[in-house]
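The file my_file-v5.tsv contains TSV, C-alpha atoms:
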```
chain	number	residue	atom	x	y	z
O	11	MET	CA	-39.28	19.31	-36.36
O	12	LYS	CA	-38.72	15.58	-35.91
O	13	VAL	CA	-41.87	13.94	-34.56
O	14	VAL	CA	-42.42	10.40	-33.32
O	15	ALA	CA	-45.98	9.10	-33.01
O	16	LEU	CA	-46.95	6.05	-30.96
O	17	ALA	CA	-50.01	4.48	-32.52
O	18	GLY	CA	-52.37	1.57	-32.78
O	19	GLY	CA	-55.90	1.09	-34.07
O	20	VAL	CA	-58.10	3.32	-36.21
O	21	GLY	CA	-57.89	6.44	-34.01
O	22	GLY	CA	-54.13	6.26	-33.98
O	23	ALA	CA	-53.99	5.80	-37.74
O	24	LYS	CA	-56.22	8.82	-38.32
O	25	LEU	CA	-54.05	11.16	-36.26
O	26	VAL	CA	-50.91	9.77	-37.90
O	27	ASP	CA	-52.47	10.61	-41.25
O	28	GLY	CA	-53.16	14.15	-40.00
O	29	LEU	CA	-49.56	14.50	-38.86
O	30	ALA	CA	-48.36	13.26	-42.25
O	31	ARG	CA	-50.44	16.00	-43.90
O	32	ASN	CA	-48.65	18.64	-41.78
O	33	LEU	CA	-45.06	17.40	-41.82
O	34	PRO	CA	-42.44	16.51	-44.43
O	35	PRO	CA	-42.22	12.70	-44.68
O	36	GLU	CA	-38.66	12.64	-43.34
O	37	ASP	CA	-39.80	14.40	-40.14
O	38	LEU	CA	-42.38	11.79	-39.07
O	39	THR	CA	-41.72	8.33	-37.65
O	40	VAL	CA	-44.59	6.12	-36.50
O	41	ILE	CA	-43.97	3.38	-33.94
O	42	VAL	CA	-46.84	0.91	-34.15
O	43	ASN	CA	-48.21	-1.60	-31.66
O	44	THR	CA	-47.70	-5.23	-32.68
O	45	GLY	CA	-49.19	-6.84	-29.58
O	46	ASP	CA	-52.32	-7.49	-31.67
O	47	ASP	CA	-50.36	-9.56	-34.19
O	48	PHE	CA	-51.22	-13.24	-34.47
O	49	GLU	CA	-51.14	-16.22	-36.80
O	50	HIS	CA	-54.38	-17.08	-38.60
O	51	LEU	CA	-54.83	-19.62	-41.39
O	52	GLY	CA	-51.05	-20.02	-41.27
O	53	LEU	CA	-50.54	-16.34	-42.08
O	54	LYS	CA	-48.79	-13.56	-40.16
O	55	ILE	CA	-51.51	-10.97	-39.44
O	56	CYS	CA	-50.49	-7.47	-38.25
O	57	PRO	CA	-53.75	-5.51	-37.80
O	58	ASP	CA	-52.38	-2.25	-36.39
O	59	LEU	CA	-49.44	-2.05	-38.78
O	60	ASP	CA	-51.75	-2.62	-41.72
O	61	THR	CA	-54.32	-0.07	-40.51
O	62	VAL	CA	-51.63	2.60	-40.17
O	63	CYS	CA	-50.04	1.78	-43.53
O	64	TYR	CA	-53.33	1.52	-45.45
O	65	THR	CA	-54.45	4.85	-43.96
O	66	LEU	CA	-51.23	6.62	-44.91
O	67	ALA	CA	-51.42	5.08	-48.38
O	68	GLY	CA	-54.99	6.34	-48.82
O	69	SER	CA	-56.31	2.82	-49.33
O	70	ALA	CA	-58.05	2.13	-46.02
O	71	ASN	CA	-61.71	1.20	-46.04
O	72	PRO	CA	-63.46	4.52	-45.33
O	73	ALA	CA	-66.48	2.82	-43.75
O	74	THR	CA	-64.63	0.67	-41.20
O	75	GLY	CA	-61.26	2.42	-40.89
O	76	TRP	CA	-59.56	-0.98	-41.10
O	77	GLY	CA	-59.03	-3.24	-44.09
O	78	ARG	CA	-58.76	-2.00	-47.65
O	79	ALA	CA	-61.07	0.07	-49.79
O	80	ASN	CA	-63.02	-1.59	-52.61
O	81	GLU	CA	-62.65	-4.95	-50.89
O	82	THR	CA	-64.19	-8.21	-52.07
O	83	TRP	CA	-64.77	-11.34	-49.99
O	84	ASN	CA	-64.56	-14.29	-52.37
O	85	ALA	CA	-61.85	-16.18	-50.47
O	86	LEU	CA	-63.71	-15.78	-47.17
O	87	GLN	CA	-66.92	-17.03	-48.77
O	88	SER	CA	-65.10	-20.09	-50.13
O	89	LEU	CA	-63.58	-20.70	-46.70
O	90	ALA	CA	-67.02	-20.54	-45.09
O	91	GLU	CA	-68.42	-23.03	-47.59
O	92	LEU	CA	-65.68	-25.47	-46.53
O	93	GLY	CA	-66.39	-24.97	-42.84
O	94	GLY	CA	-63.22	-23.00	-42.15
O	95	PRO	CA	-62.77	-20.31	-39.47
O	96	VAL	CA	-64.23	-17.03	-40.68
O	97	TRP	CA	-64.52	-15.15	-37.38
O	98	PHE	CA	-61.56	-12.98	-38.39
O	99	ARG	CA	-62.59	-11.37	-41.67
O	100	LEU	CA	-59.90	-11.20	-44.33
O	101	GLY	CA	-60.85	-9.56	-47.60
O	102	ASP	CA	-59.28	-10.60	-50.88
O	103	ARG	CA	-57.07	-7.51	-51.23
O	104	ASP	CA	-56.05	-7.65	-47.59
O	105	LEU	CA	-55.27	-11.34	-47.96
O	106	GLY	CA	-52.58	-10.52	-50.52
O	107	THR	CA	-50.78	-8.43	-47.90
O	108	HIS	CA	-50.74	-11.28	-45.40
O	109	LEU	CA	-49.67	-13.86	-47.97
O	110	GLU	CA	-46.69	-11.78	-49.09
O	111	ARG	CA	-45.70	-10.81	-45.53
O	112	THR	CA	-45.73	-14.45	-44.47
O	113	ARG	CA	-43.70	-15.51	-47.51
O	114	LEU	CA	-41.07	-12.82	-46.91
O	115	ILE	CA	-40.75	-13.66	-43.23
O	116	HIS	CA	-40.35	-17.34	-44.06
O	117	GLU	CA	-37.51	-16.30	-46.37
O	118	GLY	CA	-35.73	-14.72	-43.40
O	119	ASN	CA	-36.83	-11.09	-43.56
O	120	THR	CA	-37.72	-9.28	-40.34
O	121	LEU	CA	-41.07	-7.64	-39.76
O	122	SER	CA	-39.51	-4.17	-39.96
O	123	GLN	CA	-37.85	-5.06	-43.28
O	124	VAL	CA	-41.15	-6.31	-44.68
O	125	THR	CA	-42.99	-3.23	-43.43
O	126	ARG	CA	-40.45	-0.93	-45.08
O	127	ARG	CA	-40.80	-2.86	-48.34
O	128	PHE	CA	-44.59	-2.59	-48.24
O	129	CYS	CA	-44.48	1.14	-47.48
O	130	GLU	CA	-42.24	1.71	-50.48
O	131	ALA	CA	-44.66	-0.24	-52.69
O	132	TRP	CA	-47.66	1.72	-51.38
O	133	GLY	CA	-45.98	5.12	-51.58
O	134	VAL	CA	-46.02	5.75	-47.83
O	135	GLY	CA	-43.57	8.56	-47.06
O	136	PRO	CA	-43.14	8.60	-43.25
O	137	ALA	CA	-41.15	5.84	-41.60
O	138	VAL	CA	-43.48	3.20	-40.15
O	139	LEU	CA	-41.81	0.89	-37.64
O	140	PRO	CA	-43.19	-2.06	-35.69
O	141	MET	CA	-42.45	-1.67	-31.99
O	142	SER	CA	-40.32	-4.83	-32.19
O	143	ASP	CA	-39.37	-7.49	-34.69
O	144	ALA	CA	-39.94	-10.08	-31.97
O	145	PRO	CA	-43.46	-11.34	-31.25
O	146	VAL	CA	-44.91	-9.76	-28.08
O	147	PRO	CA	-48.51	-11.02	-27.95
O	148	THR	CA	-51.00	-9.17	-25.77
O	149	LEU	CA	-52.92	-11.48	-23.47
O	150	VAL	CA	-56.18	-10.26	-21.96
O	151	TYR	CA	-57.05	-11.73	-18.57
O	152	THR	CA	-60.81	-12.00	-18.15
O	153	ASP	CA	-63.45	-13.55	-15.92
O	154	GLU	CA	-63.66	-16.28	-18.56
O	155	GLY	CA	-59.94	-17.02	-18.64
O	156	GLU	CA	-56.86	-15.87	-20.52
O	157	LEU	CA	-57.45	-14.80	-24.13
O	158	HIS	CA	-55.19	-13.62	-26.94
O	159	PHE	CA	-56.17	-10.08	-27.84
O	160	GLN	CA	-57.80	-11.01	-31.17
O	161	GLU	CA	-59.75	-13.81	-29.50
O	162	TYR	CA	-61.06	-11.25	-26.98
O	163	PHE	CA	-61.53	-8.36	-29.40
O	164	VAL	CA	-62.85	-9.99	-32.56
O	165	ARG	CA	-64.06	-13.50	-31.79
O	166	ARG	CA	-65.59	-12.68	-28.39
O	167	GLN	CA	-66.55	-9.09	-29.31
O	168	CYS	CA	-65.03	-7.74	-26.05
O	169	ARG	CA	-67.79	-9.41	-24.01
O	170	PRO	CA	-65.68	-11.02	-21.25
O	171	ARG	CA	-64.94	-8.82	-18.23
O	172	VAL	CA	-61.30	-7.68	-18.19
O	173	THR	CA	-59.16	-8.24	-15.10
O	174	GLY	CA	-55.67	-7.48	-16.46
O	175	PHE	CA	-53.17	-7.68	-19.30
O	176	GLU	CA	-49.85	-9.32	-20.08
O	177	PHE	CA	-47.42	-8.43	-22.87
O	178	GLN	CA	-45.67	-11.73	-23.36
O	179	ARG	CA	-41.86	-11.66	-23.60
O	180	ALA	CA	-41.79	-7.84	-23.55
O	181	GLU	CA	-38.82	-7.86	-21.18
O	182	GLN	CA	-36.75	-9.89	-23.64
O	183	ALA	CA	-37.87	-8.17	-26.85
O	184	LEU	CA	-35.75	-5.36	-28.30
O	185	PRO	CA	-37.20	-2.32	-30.05
O	186	ALA	CA	-37.16	-2.69	-33.83
O	187	PRO	CA	-34.21	-1.13	-35.69
O	188	GLY	CA	-34.70	2.61	-35.98
O	189	VAL	CA	-37.06	2.97	-33.00
O	190	LEU	CA	-34.54	4.21	-30.45
O	191	GLU	CA	-32.75	6.34	-33.03
O	192	ALA	CA	-36.03	8.06	-33.93
O	193	LEU	CA	-36.84	8.69	-30.28
O	194	ASN	CA	-33.43	10.18	-29.61
O	195	GLU	CA	-33.75	12.53	-32.58
O	196	ALA	CA	-37.34	13.55	-31.78
O	197	ARG	CA	-38.33	17.07	-30.76
O	198	LEU	CA	-41.86	15.86	-30.04
O	199	ILE	CA	-43.44	12.53	-29.11
O	200	VAL	CA	-47.18	12.21	-29.77
O	201	ILE	CA	-49.24	9.49	-28.13
O	202	CYS	CA	-52.14	9.05	-30.53
O	203	PRO	CA	-55.77	8.57	-29.42
O	204	SER	CA	-55.27	4.81	-29.24
O	205	ASN	CA	-56.37	2.44	-26.48
O	206	PRO	CA	-53.91	3.11	-23.61
O	207	TRP	CA	-54.17	-0.42	-22.22
O	208	VAL	CA	-53.64	-2.52	-25.33
O	209	SER	CA	-52.27	-0.20	-28.04
O	210	ILE	CA	-49.88	2.14	-26.22
O	211	ASP	CA	-48.85	0.20	-23.10
O	212	PRO	CA	-47.34	-2.63	-25.21
O	213	ILE	CA	-45.12	-0.08	-26.98
O	214	LEU	CA	-44.08	1.45	-23.67
O	215	ALA	CA	-43.32	-2.02	-22.32
O	216	ILE	CA	-40.91	-2.57	-25.20
O	217	LEU	CA	-39.30	0.84	-24.85
O	218	GLY	CA	-38.38	0.47	-21.25
O	219	ASN	CA	-40.57	-1.86	-19.28
O	220	GLN	CA	-41.50	1.23	-17.26
O	221	SER	CA	-44.15	3.55	-18.66
O	222	ARG	CA	-42.26	6.69	-17.54
O	223	TRP	CA	-39.38	6.06	-19.96
O	224	VAL	CA	-39.66	6.72	-23.65
O	225	ALA	CA	-36.12	7.27	-24.86
O	226	LYS	CA	-32.61	6.40	-23.88
O	227	GLU	CA	-29.11	7.69	-24.50
O	228	PRO	CA	-26.70	6.38	-25.64
O	229	LEU	CA	-28.24	4.02	-28.18
O	230	GLY	CA	-26.79	0.96	-26.43
O	231	ARG	CA	-29.13	-1.42	-24.71
O	232	GLU	CA	-27.33	-1.70	-21.36
O	233	PRO	CA	-29.62	-1.61	-18.31
O	234	GLY	CA	-30.00	1.74	-16.66
O	235	THR	CA	-29.40	3.89	-19.73
O	236	PHE	CA	-32.97	5.16	-19.97
O	237	VAL	CA	-33.59	8.87	-19.49
O	238	PRO	CA	-36.89	10.78	-19.43
O	239	ALA	CA	-37.84	12.42	-22.70
O	240	THR	CA	-38.26	15.71	-20.85
O	241	ALA	CA	-34.60	15.59	-19.89
O	242	LYS	CA	-33.89	15.99	-23.59
O	243	GLY	CA	-36.24	18.94	-23.89
O	244	CYS	CA	-38.68	16.72	-25.80
O	245	PRO	CA	-42.34	17.12	-24.82
O	246	VAL	CA	-44.67	14.13	-24.84
O	247	VAL	CA	-48.24	15.03	-25.81
O	248	ALA	CA	-51.16	12.58	-25.69
O	249	VAL	CA	-54.57	12.91	-27.33
O	250	SER	CA	-57.46	11.37	-25.41
O	251	PRO	CA	-59.27	8.44	-27.04
O	252	ILE	CA	-62.15	8.92	-24.59
O	253	ILE	CA	-64.74	11.67	-25.11
O	254	GLY	CA	-67.60	12.21	-22.71
O	255	GLY	CA	-66.74	9.05	-20.82
O	256	GLU	CA	-66.97	6.86	-23.94
O	257	ALA	CA	-64.32	5.52	-26.27
O	258	VAL	CA	-64.56	6.87	-29.79
O	259	ARG	CA	-63.93	3.30	-30.97
O	260	GLY	CA	-63.18	0.03	-29.25
O	261	PRO	CA	-63.24	-1.18	-25.64
O	262	ALA	CA	-60.99	1.36	-23.86
O	263	ALA	CA	-63.79	2.82	-21.71
O	264	LYS	CA	-65.10	-0.66	-20.90
O	265	MET	CA	-61.60	-1.71	-19.82
O	266	TYR	CA	-61.20	1.30	-17.55
O	267	ALA	CA	-64.54	0.64	-15.88
O	268	GLU	CA	-63.90	-3.08	-15.41
O	269	LEU	CA	-60.50	-2.32	-13.87
O	270	GLY	CA	-62.11	0.01	-11.35
O	271	VAL	CA	-61.35	3.36	-12.98
O	272	GLN	CA	-64.07	5.78	-14.04
O	273	PRO	CA	-63.52	6.18	-17.81
O	274	SER	CA	-62.75	9.79	-18.72
O	275	ALA	CA	-60.22	11.96	-20.48
O	276	LEU	CA	-58.80	12.72	-17.02
O	277	ALA	CA	-58.33	8.99	-16.41
O	278	VAL	CA	-56.30	8.73	-19.62
O	279	ALA	CA	-54.08	11.64	-18.55
O	280	GLY	CA	-53.60	9.98	-15.18
O	281	HIS	CA	-52.83	6.67	-16.88
O	282	TYR	CA	-49.76	8.16	-18.53
O	283	GLY	CA	-48.90	10.57	-15.73
O	284	SER	CA	-46.97	13.80	-15.56
O	285	ALA	CA	-43.33	13.88	-16.65
O	286	GLY	CA	-42.67	15.79	-13.45
O	287	GLU	CA	-44.09	12.89	-11.42
O	288	THR	CA	-42.04	10.08	-13.02
O	289	GLY	CA	-44.70	9.73	-15.70
O	290	LEU	CA	-44.77	10.63	-19.36
O	291	LEU	CA	-46.77	13.68	-20.28
O	292	SER	CA	-45.90	17.30	-20.82
O	293	GLY	CA	-49.21	18.00	-22.56
O	294	PHE	CA	-52.64	16.46	-23.01
O	295	VAL	CA	-55.33	17.16	-25.61
O	296	LEU	CA	-59.00	16.66	-24.72
O	297	ASP	CA	-62.25	17.34	-26.52
O	298	HIS	CA	-64.54	20.33	-25.95
O	299	VAL	CA	-67.05	17.91	-24.41
O	300	ASP	CA	-64.57	17.35	-21.57
O	301	LYS	CA	-63.43	20.93	-21.12
O	302	THR	CA	-64.41	20.93	-17.44
O	303	GLN	CA	-61.65	18.35	-16.86
O	304	ALA	CA	-58.89	20.58	-18.24
O	305	ASP	CA	-58.08	22.19	-14.88
O	306	GLU	CA	-57.93	18.76	-13.24
O	307	VAL	CA	-55.46	17.67	-15.92
O	308	ARG	CA	-53.38	20.76	-15.19
O	309	SER	CA	-53.48	19.92	-11.50
O	310	LEU	CA	-51.57	16.75	-12.42
O	311	GLY	CA	-48.75	18.94	-13.72
O	312	ILE	CA	-49.74	18.44	-17.36
O	313	GLU	CA	-50.53	21.31	-19.73
O	314	ALA	CA	-53.94	20.92	-21.39
O	315	LEU	CA	-55.37	21.83	-24.78
O	316	VAL	CA	-59.13	21.76	-25.35
O	317	THR	CA	-60.22	21.40	-28.96
O	318	ASN	CA	-62.25	19.22	-31.33
O	319	THR	CA	-60.66	15.76	-31.24
O	320	LEU	CA	-63.18	13.86	-33.38
O	321	MET	CA	-61.74	13.02	-36.80
O	322	HIS	CA	-64.59	12.15	-39.14
O	323	THR	CA	-62.91	13.64	-42.21
O	324	PRO	CA	-59.36	14.09	-43.54
O	325	ALA	CA	-59.75	17.83	-42.94
O	326	GLU	CA	-60.48	17.19	-39.26
O	327	ARG	CA	-57.43	14.92	-39.00
O	328	THR	CA	-55.28	17.62	-40.54
O	329	GLN	CA	-56.66	20.32	-38.25
O	330	LEU	CA	-56.23	18.30	-35.06
O	331	ALA	CA	-52.67	17.38	-35.97
O	332	LYS	CA	-51.90	21.02	-36.72
O	333	GLU	CA	-53.22	22.07	-33.32
O	334	VAL	CA	-51.21	19.33	-31.59
O	335	LEU	CA	-48.04	20.53	-33.30
O	336	LEU	CA	-48.73	24.18	-32.38
O	337	PHE	CA	-49.48	23.14	-28.78
O	338	ALA	CA	-46.21	21.21	-28.61
O	339	GLY	CA	-44.34	24.20	-30.03
O	340	LYS	CA	-45.52	26.30	-27.09
O	341	LEU	CA	-44.34	23.59	-24.69
O	342	LEU	CA	-40.91	23.68	-26.32
O	343	ASN	CA	-40.54	27.44	-25.82
```
Show me, as structure tokens, the structure contained in the file I just sent.
Amino acid sequence: MKVVALAGGVGGAKLVDGLARNLPPEDLTVIVNTGDDFEHLGLKICPDLDTVCYTLAGSANPATGWGRANETWNALQSLAELGGPVWFRLGDRDLGTHLERTRLIHEGNTLSQVTRRFCEAWGVGPAVLPMSDAPVPTLVYTDEGELHFQEYFVRRQCRPRVTGFEFQRAEQALPAPGVLEALNEARLIVICPSNPWVSIDPILAILGNQSRWVAKEPLGREPGTFVPATAKGCPVVAVSPIIGGEAVRGPAAKMYAELGVQPSALAVAGHYGSAGETGLLSGFVLDHVDKTQADEVRSLGIEALVTNTLMHTPAERTQLAKEVLLFAGKLLN
């Protein structure tokens, strides 16, 4: 079964890894958020792409979920001694990735070409695609002004109050090569437990500038060719990144609250909406902690699966992915 996963951040990378443990490599394509990308120290930094690739390669830092295992920090220490900007922490091994990516892009390679080259070098089997080869920076509007996502997330530690988001140039950016083809071949689309506002919405903005569209036929890019995934008999299943009203990682719950929405698994399901109501979802997966919300999810016209969604270990990633695939299989029948 051909599966496409939409992912960003550590939670997304973990579920992608679980899917990769359940599927042949040729059956899994991962479309990754690049709204977090930015230039730092003259280098092209792609945090979500790297987190997904390092995780699939088995080289992610097990303590943080981001960065590389067995990291050292000599370059950062030298930078600090010289008074340079060290608010965004780049380890020595991670730095090599950014140096080579920047060099290859300066030589004329696209981001998707560089990503494919890195995946081959790291032995990553599934196809990992940036959402676009064009830069689409995520801007976070706050009570302290407009901030690039990394400025908000890392430098300011998510402290400013969020008032909105902008995905710059999303309307002009095209999906990266292979993205639309993968979506049109998919029998299942999985929205990973990533931040809906800043990890998944940027991908959806690229795919159609309307969150209810996730695929289009034919593969041309003429306006008006988008069709709902459900029209192709392709279920879209999302896994909640919010458990018990709190985000497993990151500021998703804080963003919901500051935008006037009570953070909950139900809020995430409502964020994406039912495919039958010009939204996205055929199915939604929520944790046992939130089992009382399952009937409310179903009242939205979305099938619900209640299970353990925390992924502390590789075995838990594998199990959750297996249950997602079985759940989707029932939706297909």
Listed atoms of segment 203-214 of chain O boxed along x, y and z, 3 Å each side, centre and edge lengths in Å, one decimal, as lines of an AutoDock Vina configuration file:
```
center_x = -50.2
center_y = 3.0
center_z = -25.8
size_x = 18.3
size_y = 17.2
size_z = 13.2
```
Sorted by chain and rising residue number, list the residues of segment 263-301 of chain O at most 10 Å from segment 167-175 of chain O (counting all atoms listed in the file), each with its closest atom pair and distance in Å to one decimal, as CSV.
```
residue,atom,partner,partner_atom,distance
O:Lys264,CA,O:Val172,CA,8.4
O:Met265,CA,O:Val172,CA,6.2
O:Tyr266,CA,O:Val172,CA,9.0
O:Ala267,CA,O:Val172,CA,9.2
O:Glu268,CA,O:Val172,CA,6.0
O:Leu269,CA,O:Thr173,CA,6.2
O:Gly270,CA,O:Thr173,CA,9.5
```
Measuring between only C-alpha atoms, which one of O:Gly133, O:Pro324, O:Gly77, O:Gly289 shows the shortest distance to Leu310 of chain O?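 When distances to Leu310 of chain O are compared using only C-alpha atoms, the smallest one comes from O:Gly289.
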Which value, in Å to one decimal, gives the distance between atom CA of Leu109 of chain O and atom CA of His50 of chain O?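 Taking atom CA of Leu109 of chain O and atom CA of His50 of chain O, their separation equals 11.0 Å.
Counting from atom CA of Gly101 of chain O, the distance to atom CA of Cys202 of chain O is 26.7 Å.
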I'd like to know which of O:Leu86, O:Thr112, O:Trp132, O:Gln123 is closest to Ala67 of chain O, using all atoms listed in the file. O:Trp132
Let me make sure I understand: among O:Thr107, O:Asn343, O:Ser142, O:Thr61, which one has the smallest atom-to-atom distance to Leu121 of chain O if we use only C-alpha atoms?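 Of O:Thr107, O:Asn343, O:Ser142, O:Thr61, the one nearest Leu121 of chain O is O:Ser142, counting only C-alpha atoms.
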As an exercise, work out the distance from atom CA of Tyr64 of chain O to atom CA of Ala17 of chain O in Å and give it to one decimal place.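 Going from atom CA of Tyr64 of chain O over to atom CA of Ala17 of chain O covers 13.7 Å.
Among the candidates O:Glu49, O:Glu333, O:Asp27, O:Glu81, the one nearest to Val62 of chain O when counting only C-alpha atoms is O:Asp27.
Ranking O:Leu29, O:Leu53, O:Val40, O:Ala23 by their shortest atom-to-atom distance to Arg113 of chain O, with all atoms listed in the file included, puts O:Leu53 first.
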Taking the point (-43.7, 24.1, -28.3) as given in the file, collect each protein or nucleic acid residue that comes within 12 Å of it, counting all atoms listed in the file, and present the set as a PDB file with C-alpha atoms, in the coordinates of the input.
```
ATOM      1  CA  MET O  11     -39.280  19.310 -36.360  1.00  0.00           C
ATOM      2  CA  ARG O 197     -38.330  17.070 -30.760  1.00  0.00           C
ATOM      3  CA  LEU O 198     -41.860  15.860 -30.040  1.00  0.00           C
ATOM      4  CA  ILE O 199     -43.440  12.530 -29.110  1.00  0.00           C
ATOM      5  CA  GLY O 243     -36.240  18.940 -23.890  1.00  0.00           C
ATOM      6  CA  CYS O 244     -38.680  16.720 -25.800  1.00  0.00           C
ATOM      7  CA  PRO O 245     -42.340  17.120 -24.820  1.00  0.00           C
ATOM      8  CA  VAL O 246     -44.670  14.130 -24.840  1.00  0.00           C
ATOM      9  CA  VAL O 247     -48.240  15.030 -25.810  1.00  0.00           C
ATOM     10  CA  SER O 292     -45.900  17.300 -20.820  1.00  0.00           C
ATOM     11  CA  GLY O 293     -49.210  18.000 -22.560  1.00  0.00           C
ATOM     12  CA  GLU O 313     -50.530  21.310 -19.730  1.00  0.00           C
ATOM     13  CA  GLU O 333     -53.220  22.070 -33.320  1.00  0.00           C
ATOM     14  CA  VAL O 334     -51.210  19.330 -31.590  1.00  0.00           C
ATOM     15  CA  LEU O 335     -48.040  20.530 -33.300  1.00  0.00           C
ATOM     16  CA  LEU O 336     -48.730  24.180 -32.380  1.00  0.00           C
ATOM     17  CA  PHE O 337     -49.480  23.140 -28.780  1.00  0.00           C
ATOM     18  CA  ALA O 338     -46.210  21.210 -28.610  1.00  0.00           C
ATOM     19  CA  GLY O 339     -44.340  24.200 -30.030  1.00  0.00           C
ATOM     20  CA  LYS O 340     -45.520  26.300 -27.090  1.00  0.00           C
ATOM     21  CA  LEU O 341     -44.340  23.590 -24.690  1.00  0.00           C
ATOM     22  CA  LEU O 342     -40.910  23.680 -26.320  1.00  0.00           C
ATOM     23  CA  ASN O 343     -40.540  27.440 -25.820  1.00  0.00           C
TER      24      ASN O 343
END
```
Would you list the contacts of Val150 of chain O as a PyMOL selection string, taking every protein, DNA or RNA residue within 12 Å and counting all atoms listed in the file, but skipping same-chain residues closer than 2 positions in sequence? chain O and resi 45-46+147-148+152-163+166+168-178+207-208+265
Could you dump the residues just selected with C-alpha atoms as a compact mmCIF listing (two decimals), in the frame of the given file?
```
# COMPACT_ATOMS: atom_id res chain seq x y z
CA GLY O 45 -49.19 -6.84 -29.58
CA ASP O 46 -52.32 -7.49 -31.67
CA PRO O 147 -48.51 -11.02 -27.95
CA THR O 148 -51.00 -9.17 -25.77
CA THR O 152 -60.81 -12.00 -18.15
CA ASP O 153 -63.45 -13.55 -15.92
CA GLU O 154 -63.66 -16.28 -18.56
CA GLY O 155 -59.94 -17.02 -18.64
CA GLU O 156 -56.86 -15.87 -20.52
CA LEU O 157 -57.45 -14.80 -24.13
CA HIS O 158 -55.19 -13.62 -26.94
CA PHE O 159 -56.17 -10.08 -27.84
CA GLN O 160 -57.80 -11.01 -31.17
CA GLU O 161 -59.75 -13.81 -29.50
CA TYR O 162 -61.06 -11.25 -26.98
CA PHE O 163 -61.53 -8.36 -29.40
CA ARG O 166 -65.59 -12.68 -28.39
CA CYS O 168 -65.03 -7.74 -26.05
CA ARG O 169 -67.79 -9.41 -24.01
CA PRO O 170 -65.68 -11.02 -21.25
CA ARG O 171 -64.94 -8.82 -18.23
CA VAL O 172 -61.30 -7.68 -18.19
CA THR O 173 -59.16 -8.24 -15.10
CA GLY O 174 -55.67 -7.48 -16.46
CA PHE O 175 -53.17 -7.68 -19.30
CA GLU O 176 -49.85 -9.32 -20.08
CA PHE O 177 -47.42 -8.43 -22.87
CA GLN O 178 -45.67 -11.73 -23.36
CA TRP O 207 -54.17 -0.42 -22.22
CA VAL O 208 -53.64 -2.52 -25.33
CA MET O 265 -61.60 -1.71 -19.82
```
Skipping near chain neighbours, those fewer than 6 positions away, what residues fall within 9 Å of segment 212-216 of chain O using all atoms listed in the file, listed as a PyMOL selection string? chain O and resi 16-17+41-45+141-142+146-148+176-177+180-185+206+222-224
May I ask which of the residues O:Asp37, O:Ala275, O:Val20, O:Asn32 is the closest one to Ala196 of chain O, counting all atoms listed in the file?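 Among the listed residues, O:Asp37 lies closest to Ala196 of chain O.
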